[in-house]
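Pasted below: data21.txt, compact mmCIF, C-alpha atoms.
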# COMPACT_ATOMS: atom_id res chain seq x y z
CA MET G 1 130.27 159.75 92.63
CA TYR G 2 130.30 156.55 94.66
CA ASP G 3 128.36 154.89 91.84
CA TRP G 4 131.14 156.18 89.54
CA ALA G 5 133.83 154.78 91.86
CA ALA G 6 132.43 151.34 92.68
CA SER G 7 131.03 150.62 89.22
CA ALA G 8 134.59 150.11 87.98
CA MET G 9 134.81 147.08 90.26
CA GLN G 10 131.49 145.78 89.00
CA THR G 11 132.35 146.17 85.30
CA THR G 12 135.99 145.05 85.25
CA VAL G 13 136.04 142.53 88.12
CA MET G 14 132.51 141.24 88.49
CA VAL G 15 131.39 141.22 84.87
CA ALA G 16 134.07 141.69 82.18
CA VAL G 17 137.75 140.95 82.79
CA PHE G 18 138.01 138.82 85.93
CA PRO G 19 135.40 136.15 84.97
CA ILE G 20 137.35 135.52 81.74
CA TYR G 21 140.65 135.58 83.64
CA PHE G 22 139.20 133.18 86.21
CA VAL G 23 138.10 130.68 83.56
CA LYS G 24 141.20 130.88 81.33
CA VAL G 25 144.01 131.50 83.84
CA ALA G 26 143.13 130.77 87.48
CA GLY G 27 140.88 127.85 86.51
CA ALA G 28 143.09 126.52 83.72
CA GLY G 29 143.06 122.72 83.68
CA LEU G 30 139.56 122.28 85.04
CA ALA G 31 137.05 120.28 83.02
CA GLU G 32 134.77 122.17 80.63
CA GLY G 33 132.24 124.16 82.62
CA GLY G 34 134.16 123.57 85.86
CA ALA G 35 135.48 127.11 86.27
CA THR G 36 132.12 128.63 85.33
CA GLN G 37 130.38 126.40 87.84
CA ARG G 38 132.87 127.39 90.55
CA LEU G 39 132.45 131.09 89.72
CA ALA G 40 128.68 130.79 90.12
CA THR G 41 129.18 129.05 93.48
CA LEU G 42 131.56 131.78 94.69
CA ASN G 43 128.93 134.42 93.84
CA THR G 44 126.51 132.49 96.01
CA VAL G 45 128.91 132.21 98.96
CA ALA G 46 129.76 135.93 99.00
CA LEU G 47 126.15 137.00 98.75
CA VAL G 48 125.04 134.69 101.57
CA VAL G 49 127.65 136.27 103.87
CA ILE G 50 126.59 139.86 103.18
CA ALA G 51 122.89 139.00 103.17
CA LEU G 52 123.14 137.59 106.70
CA ALA G 53 125.25 140.48 108.04
CA SER G 54 123.62 143.51 106.41
CA PRO G 55 120.40 143.79 108.48
CA VAL G 56 122.34 143.81 111.76
CA LEU G 57 124.92 146.26 110.45
CA GLY G 58 122.17 148.45 108.97
CA ALA G 59 120.45 148.68 112.34
CA ILE G 60 123.76 149.54 114.04
CA SER G 61 124.35 152.32 111.50
CA ASP G 62 120.89 153.80 112.14
CA TYR G 63 121.30 153.76 115.92
CA GLY G 64 124.85 155.12 115.90
CA GLY G 65 124.70 157.39 112.84
CA THR G 66 127.61 155.54 111.22
CA LYS G 67 126.54 154.83 107.66
CA LYS G 68 129.62 156.48 106.13
CA ARG G 69 131.97 154.53 108.42
CA PHE G 70 130.48 151.26 107.24
CA ILE G 71 130.79 152.39 103.62
CA ALA G 72 134.49 153.10 104.26
CA ALA G 73 135.14 149.76 105.97
CA PHE G 74 133.57 147.65 103.23
CA MET G 75 135.11 149.81 100.50
CA LEU G 76 138.61 149.28 101.93
CA LEU G 77 138.01 145.53 102.18
CA GLY G 78 136.99 145.43 98.52
CA VAL G 79 139.84 147.67 97.37
CA GLY G 80 142.39 145.46 99.14
CA ALA G 81 140.95 142.26 97.64
CA VAL G 82 140.87 143.67 94.10
CA ALA G 83 144.45 144.93 94.42
CA GLY G 84 145.46 141.42 95.55
CA MET G 85 144.19 139.99 92.25
CA PHE G 86 147.38 141.35 90.69
CA PHE G 87 149.18 138.33 92.20
CA VAL G 88 146.86 135.65 90.72
CA GLN G 89 148.70 133.49 88.17
CA ARG G 90 147.88 130.39 86.16
CA GLY G 91 146.33 127.70 88.35
CA ASP G 92 145.99 129.96 91.43
CA LEU G 93 142.37 128.91 91.84
CA THR G 94 142.25 129.11 95.64
CA LEU G 95 143.78 132.60 95.83
CA ALA G 96 141.53 133.85 93.02
CA SER G 97 138.47 132.39 94.74
CA TRP G 98 139.18 134.01 98.11
CA LEU G 99 139.94 137.41 96.60
CA PHE G 100 136.82 137.31 94.43
CA VAL G 101 134.61 136.49 97.42
CA LEU G 102 136.15 139.28 99.54
CA SER G 103 135.80 141.80 96.71
CA LEU G 104 132.11 140.95 96.30
CA ILE G 105 131.54 141.28 100.05
CA GLY G 106 133.28 144.65 99.94
CA VAL G 107 131.26 146.14 97.10
CA ALA G 108 127.93 144.64 98.14
CA GLY G 109 128.39 145.63 101.78
CA SER G 110 129.31 149.21 100.95
CA PHE G 111 126.24 149.59 98.73
CA VAL G 112 123.92 148.64 101.63
CA PHE G 113 124.86 151.84 103.47
CA TYR G 114 125.37 153.95 100.36
CA GLU G 115 121.83 153.26 99.20
CA ALA G 116 120.52 153.91 102.72
CA LEU G 117 121.65 157.54 102.25
CA LEU G 118 119.20 158.00 99.35
CA PRO G 119 115.99 158.84 101.30
CA HIS G 120 117.98 161.39 103.35
CA LEU G 121 119.15 163.24 100.24
CA ALA G 122 116.08 163.24 97.99
CA SER G 123 112.32 162.93 98.28
CA GLY G 124 109.16 162.98 96.19
CA PRO G 125 109.57 162.89 92.38
CA GLU G 126 113.26 163.82 92.78
CA ILE G 127 114.16 160.44 94.26
CA ASP G 128 113.69 158.56 90.95
CA ARG G 129 115.83 161.09 89.09
CA VAL G 130 118.61 161.01 91.69
CA SER G 131 118.69 157.21 91.71
CA THR G 132 118.76 156.86 87.92
CA ALA G 133 121.36 159.65 87.63
CA GLY G 134 123.54 157.70 90.07
CA TYR G 135 123.34 154.63 87.86
CA ALA G 136 124.11 156.75 84.78
CA LEU G 137 127.24 158.17 86.42
CA GLY G 138 128.17 154.62 87.39
CA TYR G 139 128.01 153.63 83.74
CA VAL G 140 130.27 156.56 82.83
CA GLY G 141 132.86 155.75 85.49
CA GLY G 142 132.84 152.01 84.98
CA GLY G 143 132.78 152.39 81.22
CA LEU G 144 135.71 154.82 81.04
CA LEU G 145 137.99 152.61 83.10
CA LEU G 146 136.87 149.46 81.28
CA ALA G 147 137.67 151.17 77.95
CA LEU G 148 141.17 151.93 79.20
CA ASN G 149 141.56 148.37 80.52
CA LEU G 150 140.41 146.95 77.19
CA ALA G 151 142.90 149.15 75.33
CA TRP G 152 145.96 147.95 77.21
CA ILE G 153 144.76 144.32 77.29
CA GLN G 154 144.30 144.29 73.50
CA LYS G 155 147.19 146.63 72.57
CA PRO G 156 149.74 146.29 75.38
CA ALA G 157 152.61 147.62 73.22
CA TRP G 158 150.86 151.00 73.02
CA PHE G 159 151.36 151.34 76.77
CA GLY G 160 154.91 149.98 76.94
CA LEU G 161 153.76 146.60 78.22
CA PRO G 162 155.22 143.25 77.08
CA ALA G 163 153.77 142.11 73.74
CA GLY G 164 154.42 139.35 71.21
CA PRO G 165 154.18 135.58 70.90
CA GLN G 166 157.12 134.57 73.14
CA LEU G 167 155.90 135.95 76.45
CA SER G 168 156.16 134.19 79.78
CA GLY G 169 152.97 133.47 81.70
CA ALA G 170 153.48 136.46 83.99
CA GLU G 171 154.16 138.78 81.05
CA ALA G 172 151.11 137.58 79.11
CA THR G 173 148.79 138.18 82.07
CA LEU G 174 150.33 141.51 83.11
CA PRO G 175 147.80 143.74 81.27
CA ALA G 176 144.83 142.02 82.92
CA ARG G 177 146.50 142.09 86.33
CA LEU G 178 147.25 145.79 85.93
CA ALA G 179 143.55 146.26 85.14
CA PHE G 180 142.74 144.89 88.60
CA LEU G 181 145.19 147.34 90.22
CA SER G 182 143.63 150.22 88.28
CA VAL G 183 140.19 149.25 89.60
CA ALA G 184 141.45 149.33 93.20
CA ALA G 185 142.95 152.80 92.72
CA TRP G 186 139.88 154.13 90.88
CA TRP G 187 137.49 152.82 93.53
CA LEU G 188 139.56 154.35 96.35
CA VAL G 189 140.20 157.76 94.79
CA PHE G 190 136.68 158.47 93.52
CA SER G 191 135.11 157.47 96.83
CA VAL G 192 136.65 160.57 98.43
CA PRO G 193 133.88 163.03 97.32
CA LEU G 194 131.25 161.01 99.19
CA PHE G 195 133.21 161.16 102.45
CA ARG G 196 134.06 164.85 102.04
CA ARG G 197 130.77 166.24 100.71
CA VAL G 198 127.84 164.03 101.72
CA PRO G 199 126.67 164.62 105.32
CA GLU G 200 126.19 161.72 107.70
CA PRO G 201 122.44 161.45 108.48
CA PRO G 202 121.87 162.08 112.20
CA ALA G 203 121.02 159.13 114.41
CA ARG G 204 117.40 159.12 115.50
CA LEU G 205 116.10 157.21 118.47
CA GLU G 206 112.79 155.44 118.73
CA PRO G 207 110.47 156.91 121.41
CA ASP G 208 111.36 154.08 123.83
CA GLU G 209 115.18 154.20 123.27
CA ARG G 210 117.96 155.92 125.24
CA ARG G 211 121.48 156.99 124.37
CA GLY G 212 124.35 154.93 125.74
CA GLU G 213 122.93 151.48 124.98
CA SER G 214 125.09 148.88 123.27
CA PRO G 215 124.78 149.45 119.50
CA VAL G 216 124.85 145.69 118.85
CA ARG G 217 122.14 145.00 121.41
CA MET G 218 119.99 147.84 120.10
CA ALA G 219 120.55 146.58 116.55
CA PHE G 220 118.97 143.24 117.38
CA VAL G 221 116.13 144.94 119.29
CA ARG G 222 115.46 147.21 116.32
CA LEU G 223 115.67 144.34 113.85
CA GLY G 224 113.02 142.43 115.76
CA GLU G 225 110.81 145.51 115.76
CA THR G 226 111.43 146.22 112.07
CA PHE G 227 110.72 142.63 111.10
CA ARG G 228 107.41 142.81 112.96
CA GLU G 229 106.70 146.24 111.50
CA LEU G 230 107.19 144.97 107.96
CA ARG G 231 103.70 143.56 108.24
CA GLY G 232 102.52 147.15 108.73
CA TYR G 233 104.46 148.31 105.67
CA ARG G 234 102.65 145.92 103.38
CA GLN G 235 103.45 147.75 100.15
CA ALA G 236 107.18 147.99 100.95
CA PHE G 237 107.18 144.29 101.77
CA LEU G 238 105.45 143.41 98.48
CA MET G 239 108.04 145.54 96.65
CA LEU G 240 110.80 143.62 98.42
CA LEU G 241 109.27 140.30 97.43
CA ALA G 242 108.85 141.31 93.78
CA PHE G 243 112.41 142.65 93.74
CA LEU G 244 113.75 139.44 95.28
CA ILE G 245 112.35 137.43 92.41
CA TYR G 246 112.86 139.54 89.30
CA ASN G 247 116.29 140.78 90.39
CA ASP G 248 117.42 137.15 90.58
CA GLY G 249 117.12 136.95 86.82
CA ILE G 250 118.83 140.31 86.29
CA GLN G 251 121.80 139.43 88.51
CA THR G 252 122.22 136.04 86.85
CA ILE G 253 122.48 137.64 83.41
CA ILE G 254 124.94 140.28 84.67
CA LYS G 255 127.26 137.89 86.48
CA MET G 256 127.28 134.89 84.17
CA ALA G 257 127.24 136.58 80.75
CA THR G 258 130.98 136.66 80.02
CA ALA G 259 131.64 133.20 81.47
CA TYR G 260 128.76 131.88 79.35
CA GLY G 261 130.13 133.62 76.25
CA THR G 262 133.63 132.28 76.94
CA GLU G 263 132.31 128.72 76.99
CA LEU G 264 130.55 129.31 73.67
CA GLY G 265 133.93 130.24 72.18
CA ILE G 266 133.34 133.97 71.73
CA ASP G 267 136.63 135.89 71.60
CA GLN G 268 137.76 137.71 74.73
CA SER G 269 138.00 141.09 73.00
CA ALA G 270 134.42 140.75 71.74
CA LEU G 271 133.17 139.84 75.22
CA ILE G 272 134.85 142.81 76.91
CA GLY G 273 133.87 145.12 74.05
CA ALA G 274 130.24 144.09 74.46
CA ILE G 275 130.36 144.80 78.19
CA LEU G 276 131.83 148.19 77.34
CA LEU G 277 128.90 148.74 74.99
CA VAL G 278 126.52 148.06 77.90
CA GLN G 279 128.15 150.87 79.88
CA PHE G 280 127.85 153.52 77.21
CA VAL G 281 124.36 152.54 76.06
CA GLY G 282 123.38 152.57 79.72
CA ILE G 283 124.41 156.21 80.25
CA PRO G 284 121.62 157.90 78.23
CA CYS G 285 119.17 155.04 78.82
CA SER G 286 119.42 155.37 82.61
CA PHE G 287 118.53 159.07 82.32
CA LEU G 288 115.74 158.17 79.88
CA PHE G 289 114.31 155.67 82.34
CA GLY G 290 114.16 158.44 84.95
CA MET G 291 112.31 160.64 82.45
CA LEU G 292 110.05 157.77 81.42
CA ALA G 293 109.17 157.12 85.05
CA GLY G 294 108.17 160.77 85.36
CA ARG G 295 105.80 160.41 82.41
CA ILE G 296 104.21 156.96 82.82
CA GLY G 297 105.11 156.14 86.42
CA ALA G 298 108.04 154.18 87.84
CA LYS G 299 106.09 150.94 88.12
CA ARG G 300 105.06 150.88 84.46
CA ALA G 301 108.63 151.69 83.43
CA LEU G 302 109.79 148.71 85.49
CA PHE G 303 107.32 146.44 83.70
CA LEU G 304 108.82 147.48 80.35
CA GLY G 305 112.30 146.66 81.63
CA LEU G 306 111.26 143.18 82.78
CA LEU G 307 109.61 142.49 79.42
CA ALA G 308 112.87 143.42 77.70
CA TYR G 309 114.82 141.06 79.97
CA THR G 310 112.49 138.22 79.02
CA ALA G 311 113.33 138.83 75.34
CA ILE G 312 117.04 138.96 76.21
CA SER G 313 116.86 135.53 77.87
CA ILE G 314 115.15 133.96 74.86
CA LEU G 315 117.65 135.48 72.44
CA GLY G 316 120.53 134.41 74.70
CA TYR G 317 119.52 130.76 74.35
CA TYR G 318 120.07 130.96 70.59
CA MET G 319 123.26 133.05 70.80
CA LYS G 320 126.18 131.66 68.77
CA THR G 321 128.35 134.50 67.48
CA ALA G 322 130.05 137.65 68.71
CA ALA G 323 127.52 139.70 66.72
CA HIS G 324 124.72 138.07 68.70
CA PHE G 325 126.51 138.91 71.94
CA TYR G 326 126.82 142.56 70.90
CA MET G 327 123.10 142.70 70.09
CA LEU G 328 122.21 141.32 73.49
CA ALA G 329 124.65 143.70 75.18
CA GLY G 330 122.89 146.65 73.53
CA LEU G 331 119.51 145.44 74.79
CA VAL G 332 120.86 144.91 78.32
CA GLY G 333 122.36 148.41 78.30
CA MET G 334 118.96 149.87 77.46
CA VAL G 335 117.24 148.45 80.54
CA GLN G 336 119.81 147.38 83.15
CA GLY G 337 120.47 150.68 84.92
CA GLY G 338 116.90 151.90 84.72
CA THR G 339 115.30 148.80 86.22
CA GLN G 340 117.75 148.65 89.12
CA ALA G 341 117.66 152.39 89.82
CA LEU G 342 113.86 152.52 89.82
CA SER G 343 113.73 149.48 92.09
CA ARG G 344 115.80 151.17 94.79
CA SER G 345 114.03 154.54 94.43
CA LEU G 346 110.57 152.91 94.64
CA PHE G 347 111.59 151.13 97.81
CA ALA G 348 113.26 154.25 99.25
CA SER G 349 110.04 156.20 98.76
CA MET G 350 108.13 153.70 100.93
CA VAL G 351 110.44 153.55 103.98
CA PRO G 352 110.68 156.00 106.92
CA GLN G 353 113.92 158.00 106.90
CA HIS G 354 114.87 157.23 110.50
CA LYS G 355 114.98 153.52 109.68
CA SER G 356 116.55 153.72 106.25
CA GLY G 357 119.61 151.68 107.29
CA GLU G 358 117.49 148.87 108.71
CA PHE G 359 115.09 148.79 105.78
CA PHE G 360 117.91 148.90 103.26
CA GLY G 361 119.55 146.14 105.27
CA PHE G 362 116.48 144.05 104.53
CA PHE G 363 116.53 145.36 100.95
CA SER G 364 120.11 144.09 100.77
CA VAL G 365 119.06 140.69 102.11
CA PHE G 366 116.43 140.39 99.40
CA GLU G 367 118.86 141.74 96.79
CA LYS G 368 121.63 139.33 97.79
CA PHE G 369 119.34 136.31 98.03
CA ALA G 370 118.13 137.34 94.59
CA GLY G 371 121.73 136.99 93.49
CA ILE G 372 121.98 133.56 95.11
CA PHE G 373 119.26 131.49 93.52
CA GLY G 374 119.96 132.37 89.88
CA PRO G 375 123.68 131.46 89.88
CA LEU G 376 122.85 128.41 92.00
CA ILE G 377 120.33 127.21 89.42
CA PHE G 378 122.84 128.07 86.70
CA ALA G 379 125.52 125.94 88.40
CA GLY G 380 123.03 123.12 89.06
CA THR G 381 121.88 123.07 85.45
CA ILE G 382 125.48 122.85 84.22
CA ALA G 383 126.11 119.97 86.63
CA ALA G 384 122.96 118.16 85.48
CA THR G 385 123.18 118.74 81.72
CA GLY G 386 126.84 119.57 81.09
CA SER G 387 125.90 122.76 79.24
CA SER G 388 125.42 126.42 80.20
CA ARG G 389 123.02 127.01 77.29
CA ASN G 390 120.23 125.05 78.95
CA ALA G 391 120.40 127.31 82.03
CA ILE G 392 119.75 130.59 80.26
CA LEU G 393 115.99 130.10 79.83
CA SER G 394 115.45 129.41 83.54
CA VAL G 395 115.64 133.12 84.39
CA ILE G 396 112.43 133.93 82.46
CA GLY G 397 110.38 132.51 85.31
CA PHE G 398 111.93 135.04 87.70
CA PHE G 399 110.86 137.96 85.51
CA ALA G 400 107.30 136.66 85.10
CA VAL G 401 106.68 135.94 88.79
CA GLY G 402 108.37 139.15 89.93
CA ALA G 403 106.26 141.25 87.56
CA ALA G 404 103.07 139.54 88.78
CA ILE G 405 103.84 140.48 92.40
CA LEU G 406 104.90 144.00 91.43
CA ALA G 407 101.45 144.50 89.91
CA PHE G 408 99.94 144.35 93.42
CA VAL G 409 102.20 147.08 94.88
CA ASP G 410 100.24 150.27 95.71
CA LEU G 411 102.88 153.00 95.64
CA GLU G 412 100.73 155.80 97.06
CA ALA G 413 99.60 153.69 100.00
CA GLY G 414 103.21 152.72 100.72
CA ARG G 415 104.40 156.32 100.67
CA LYS G 416 101.63 157.39 103.04
CA GLU G 417 102.62 154.63 105.49
CA ALA G 418 106.24 155.81 105.50
CA ALA G 419 105.30 159.49 105.88
CA ALA G 420 103.02 158.72 108.83
CA ALA G 421 105.75 156.74 110.61
CA GLU G 422 108.32 159.50 110.08
CA ALA G 423 105.89 162.16 111.33
CA ALA G 424 105.23 160.13 114.49
CA VAL G 425 108.95 159.93 115.32
CA GLN G 426 109.51 163.66 114.69
CA SER G 427 106.58 164.64 116.91
CA ALA G 428 107.85 162.36 119.67
CA GLY G 429 111.40 163.80 119.39
Written form, structure tokens:
Amino acid sequence: MYDWAASAMQTTVMVAVFPIYFVKVAGAGLAEGGATQRLATLNTVALVVIALASPVLGAISDYGGTKKRFIAAFMLLGVGAVAGMFFVQRGDLTLASWLFVLSLIGVAGSFVFYEALLPHLASGPEIDRVSTAGYALGYVGGGLLLALNLAWIQKPAWFGLPAGPQLSGAEATLPARLAFLSVAAWWLVFSVPLFRRVPEPPARLEPDERRGESPVRMAFVRLGETFRELRGYRQAFLMLLAFLIYNDGIQTIIKMATAYGTELGIDQSALIGAILLVQFVGIPCSFLFGMLAGRIGAKRALFLGLLAYTAISILGYYMKTAAHFYMLAGLVGMVQGGTQALSRSLFASMVPQHKSGEFFGFFSVFEKFAGIFGPLIFAGTIAATGSSRNAILSVIGFFAVGAAILAFVDLEAGRKEAAAAEAAVQSAG
């Protein structure tokens, strides 16, 4: 249900409505490509912040047994920032920038600890199905709210909102600004089941640790140990490295798609409609990826997803019309949820449960740095060439290199390493 709750922020704010609003309203008056370049830079700034903080916070949550508290803190930060977007008007570039950064920190930070719950709730073959089902529910939740947002943005009169050609600036932007408020409410309300129903994993001490130590001090001690231990978890580390690289391409496509389409002159309704298509195509396809992983193995299913993303990048270079954008959206919907869900479940299966927060803190670092380089290259290419189209092919290299490293990951060896480490802690406790 937290996937359901937070995915509304990712669809409406991160991907569909806010990037268009940022380019056309908050960034109005900037030179062509200026708002898109700034949006890419803001993605980078937010992800650097959470990437640097998440390993320390993950270690604190493991030592203190406070994963759900950290989820709540970051969720409330994100909800407040998204609600504040209601007040962004034409030319409010600074306010829009700050709120966007804070909202990204909120959603990305909460997912560090949310995903760290996964190895405590599922194991063995079940972990792939649980992870992909979470993504599928996220598509349902994010898609339903985005459909409602799209309806009142395109047909405001149906909902009693101001409509017509003689609207003031505030009246014209009201439907989009109400969409941001709806995301904040949706995210807050549908987070409640997690806090009420999902148990907090108990804190587990290492054999040489004692209760009563400073959580911050112990976090840094544990981080040093975990960083050294990563050499002993060779397969998990290789998975992290592969994920760092191929996820860079995935995140670039997700975050820059609507801004890219806006610059190409594709109508706003077509852009948001295509993102909506991604959500509803993604629902059955996420479940299918879980089933496919059960038949051919999660790693082979991931390879298929990366091959599809390579084709998407090539087709995106030649994209010119709304019909092209819809075709690409359908392809993205087929593979987006499955590749990301299988990535986190593969990693979760190769980490010891008692250090899930720390390891997912490192997973978050790799995930966030994966989200840094792609948008940074995108922004740099725009600055160098004056066009977003030339940047779209750069992501193919990320898929190729990431797949090459993934080929060397031995899943069975990684799972045995994690099981042995967990057994050692339980026998010592």
Find the residues near Tyr135 of chain G: any atom within 8 Å, counting only C-alpha atoms, skip ones fewer than 5 places away on the same chain, and give them as a PyMOL selection string.
chain G and resi 3+283+286+337-338+341
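Using only C-alpha atoms, the smallest distance between any of G:Ala419, G:Leu76, G:Ile254, G:Ile275 and Ser349 of chain G comes from G:Ala419.
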Calculated over all atoms listed in the file, which of the candidates G:Gly397, G:Gly29, G:Gly316, G:Gly142 has the smallest distance to Arg90 of chain G?
G:Gly29
Can you work out which one of G:Gly138, G:Gly261, G:Pro165, G:Gly84 has the shortest atom-to-atom distance to Gln279 of chain G, counting only C-alpha atoms?
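Closest candidate: G:Gly138.
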Between G:Gly330, G:Gly34, G:Gly91, G:Gly290, which one has atoms that come closest to Gly380 of chain G, using all atoms listed in the file?
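Once distances to Gly380 of chain G are computed over all atoms listed in the file, the minimum belongs to G:Gly34.
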Counting only C-alpha atoms, the residue of G:Val189, G:Val351, G:Leu47, G:Val130 that sits nearest Arg234 of chain G:
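Counting only C-alpha atoms, the residue closest to Arg234 of chain G is G:Val351.
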Could you state the separation of atom CA of Ala242 of chain G and atom CA of Gly402 of chain G in Å, given to one decimal place?
4.4 Å
Once 6 Å is added on each side, what are the centre and the three edge lengths, in Å to one decimal, of the axis-aligned box enclosing the listed atoms of segment 107-125 of chain G? Present them as lines of an AutoDock Vina configuration file.
center_x = 120.2
center_y = 153.9
center_z = 97.9
size_x = 34.1
size_y = 30.6
size_z = 23.1
When you draw a straight line from atom CA of Tyr2 of chain G to atom CA of Val79 of chain G, how long is it in Å?
13.3 Å
Residue nearest Leu144 of chain G - candidates G:Tyr246, G:Arg344, G:Ser182, G:Ala270, atoms counted: only C-alpha atoms
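Of G:Tyr246, G:Arg344, G:Ser182, G:Ala270, the one nearest Leu144 of chain G, counting only C-alpha atoms, is G:Ser182.
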Leaving out Gly282 of chain G and any residue of its chain fewer than 5 positions from it, which residues lie within 9 Å of it when counting all atoms listed in the file, given as a list in words?
Tyr135, Ala136, Tyr139, Val140, Leu277, Phe287, Gly330, Val332, Gly333, Met334, Val335, Gln336, Gly337 and Gly338 of chain G
Can you list, as a PyMOL selection string, every protein, DNA or RNA residue that comes within 12 Å of Gly169 of chain G when you count only C-alpha atoms, leaving out same-chain residues fewer than 5 positions away?
chain G and resi 25-26+88-91+162-163+174-177
Separation of atom CA of Phe70 of chain G from atom CA of Leu194 of chain G in Å
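Straight-line distance from atom CA of Leu194 of chain G to atom CA of Phe70 of chain G works out to 12.7 Å.
Close contacts of Glu200 of chain G, defined as residues with an atom at most 8 Å away when counting all atoms listed in the file, with chain neighbours fewer than 3 positions off set aside, comprise Gly65, Thr66, Lys67 and Lys68 of chain G.
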Find the residues near Leu406 of chain G: any atom within 9 Å, counting all atoms listed in the file, skip ones fewer than 5 places away on the same chain, and give them as a PyMOL selection string.
chain G and resi 238-239+241-243+299+303+401
Please save C-alpha atoms of the selected residues as a PDB file, in the coordinates of the input.
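Ended up saving to again_38.pdb:
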ATOM      1  CA  LEU G 238     105.450 143.410  98.480  1.00  0.00           C
ATOM      2  CA  MET G 239     108.040 145.540  96.650  1.00  0.00           C
ATOM      3  CA  LEU G 241     109.270 140.300  97.430  1.00  0.00           C
ATOM      4  CA  ALA G 242     108.850 141.310  93.780  1.00  0.00           C
ATOM      5  CA  PHE G 243     112.410 142.650  93.740  1.00  0.00           C
ATOM      6  CA  LYS G 299     106.090 150.940  88.120  1.00  0.00           C
ATOM      7  CA  PHE G 303     107.320 146.440  83.700  1.00  0.00           C
ATOM      8  CA  VAL G 401     106.680 135.940  88.790  1.00  0.00           C
TER       9      VAL G 401
END
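Residues near the point (132.8, 146.4, 88.5), at a distance of 10 Å or less over only C-alpha atoms, make up G:Trp4, G:Ala5, G:Ala6, G:Ser7, G:Ala8, G:Met9, G:Gln10, G:Thr11, G:Thr12, G:Val13, G:Met14, G:Val15, G:Ala16, G:Val17, G:Phe18, G:Ser103, G:Leu104, G:Val107, G:Gly138, G:Tyr139, G:Gly141, G:Gly142, G:Gly143, G:Leu145, G:Leu146, G:Val183, G:Trp187.
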Output file for the residues above (C-alpha atoms, as a compact mmCIF listing (two decimals), in the coordinates of the input):
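Contents of again.txt, as written:
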# COMPACT_ATOMS: atom_id res chain seq x y z
CA TRP G 4 131.14 156.18 89.54
CA ALA G 5 133.83 154.78 91.86
CA ALA G 6 132.43 151.34 92.68
CA SER G 7 131.03 150.62 89.22
CA ALA G 8 134.59 150.11 87.98
CA MET G 9 134.81 147.08 90.26
CA GLN G 10 131.49 145.78 89.00
CA THR G 11 132.35 146.17 85.30
CA THR G 12 135.99 145.05 85.25
CA VAL G 13 136.04 142.53 88.12
CA MET G 14 132.51 141.24 88.49
CA VAL G 15 131.39 141.22 84.87
CA ALA G 16 134.07 141.69 82.18
CA VAL G 17 137.75 140.95 82.79
CA PHE G 18 138.01 138.82 85.93
CA SER G 103 135.80 141.80 96.71
CA LEU G 104 132.11 140.95 96.30
CA VAL G 107 131.26 146.14 97.10
CA GLY G 138 128.17 154.62 87.39
CA TYR G 139 128.01 153.63 83.74
CA GLY G 141 132.86 155.75 85.49
CA GLY G 142 132.84 152.01 84.98
CA GLY G 143 132.78 152.39 81.22
CA LEU G 145 137.99 152.61 83.10
CA LEU G 146 136.87 149.46 81.28
CA VAL G 183 140.19 149.25 89.60
CA TRP G 187 137.49 152.82 93.53
For segment 192-201 of chain G of the structure just presented, write N, CA and C atoms to a file, as a PDB file, in the first residue's frame.
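File written: selection-v6.pdb
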ATOM      1  N   VAL G 192      -1.199   5.158   5.766  1.00  0.00           N
ATOM      2  CA  VAL G 192      -1.658   4.699   7.082  1.00  0.00           C
ATOM      3  C   VAL G 192      -1.603   3.177   7.228  1.00  0.00           C
ATOM      4  N   PRO G 193      -2.027   2.367   6.217  1.00  0.00           N
ATOM      5  CA  PRO G 193      -1.977   0.908   6.408  1.00  0.00           C
ATOM      6  C   PRO G 193      -0.582   0.377   6.745  1.00  0.00           C
ATOM      7  N   LEU G 194       0.454   0.963   6.171  1.00  0.00           N
ATOM      8  CA  LEU G 194       1.806   0.504   6.489  1.00  0.00           C
ATOM      9  C   LEU G 194       2.095   0.703   7.970  1.00  0.00           C
ATOM     10  N   PHE G 195       1.752   1.874   8.501  1.00  0.00           N
ATOM     11  CA  PHE G 195       2.073   2.159   9.901  1.00  0.00           C
ATOM     12  C   PHE G 195       1.196   1.374  10.867  1.00  0.00           C
ATOM     13  N   ARG G 196      -0.006   1.021  10.436  1.00  0.00           N
ATOM     14  CA  ARG G 196      -0.912   0.270  11.307  1.00  0.00           C
ATOM     15  C   ARG G 196      -0.706  -1.244  11.234  1.00  0.00           C
ATOM     16  N   ARG G 197      -0.326  -1.763  10.060  1.00  0.00           N
ATOM     17  CA  ARG G 197      -0.369  -3.211   9.858  1.00  0.00           C
ATOM     18  C   ARG G 197       0.999  -3.886   9.733  1.00  0.00           C
ATOM     19  N   VAL G 198       2.002  -3.156   9.254  1.00  0.00           N
ATOM     20  CA  VAL G 198       3.307  -3.789   9.033  1.00  0.00           C
ATOM     21  C   VAL G 198       4.148  -3.667  10.296  1.00  0.00           C
ATOM     22  N   PRO G 199       4.639  -4.771  10.843  1.00  0.00           N
ATOM     23  CA  PRO G 199       5.423  -4.697  12.085  1.00  0.00           C
ATOM     24  C   PRO G 199       6.809  -4.093  11.845  1.00  0.00           C
ATOM     25  N   GLU G 200       7.290  -3.397  12.856  1.00  0.00           N
ATOM     26  CA  GLU G 200       8.660  -2.879  12.821  1.00  0.00           C
ATOM     27  C   GLU G 200       9.621  -4.039  13.058  1.00  0.00           C
ATOM     28  N   PRO G 201      10.566  -4.304  12.138  1.00  0.00           N
ATOM     29  CA  PRO G 201      11.539  -5.377  12.382  1.00  0.00           C
ATOM     30  C   PRO G 201      12.337  -5.088  13.650  1.00  0.00           C
TER      31      PRO G 201
END
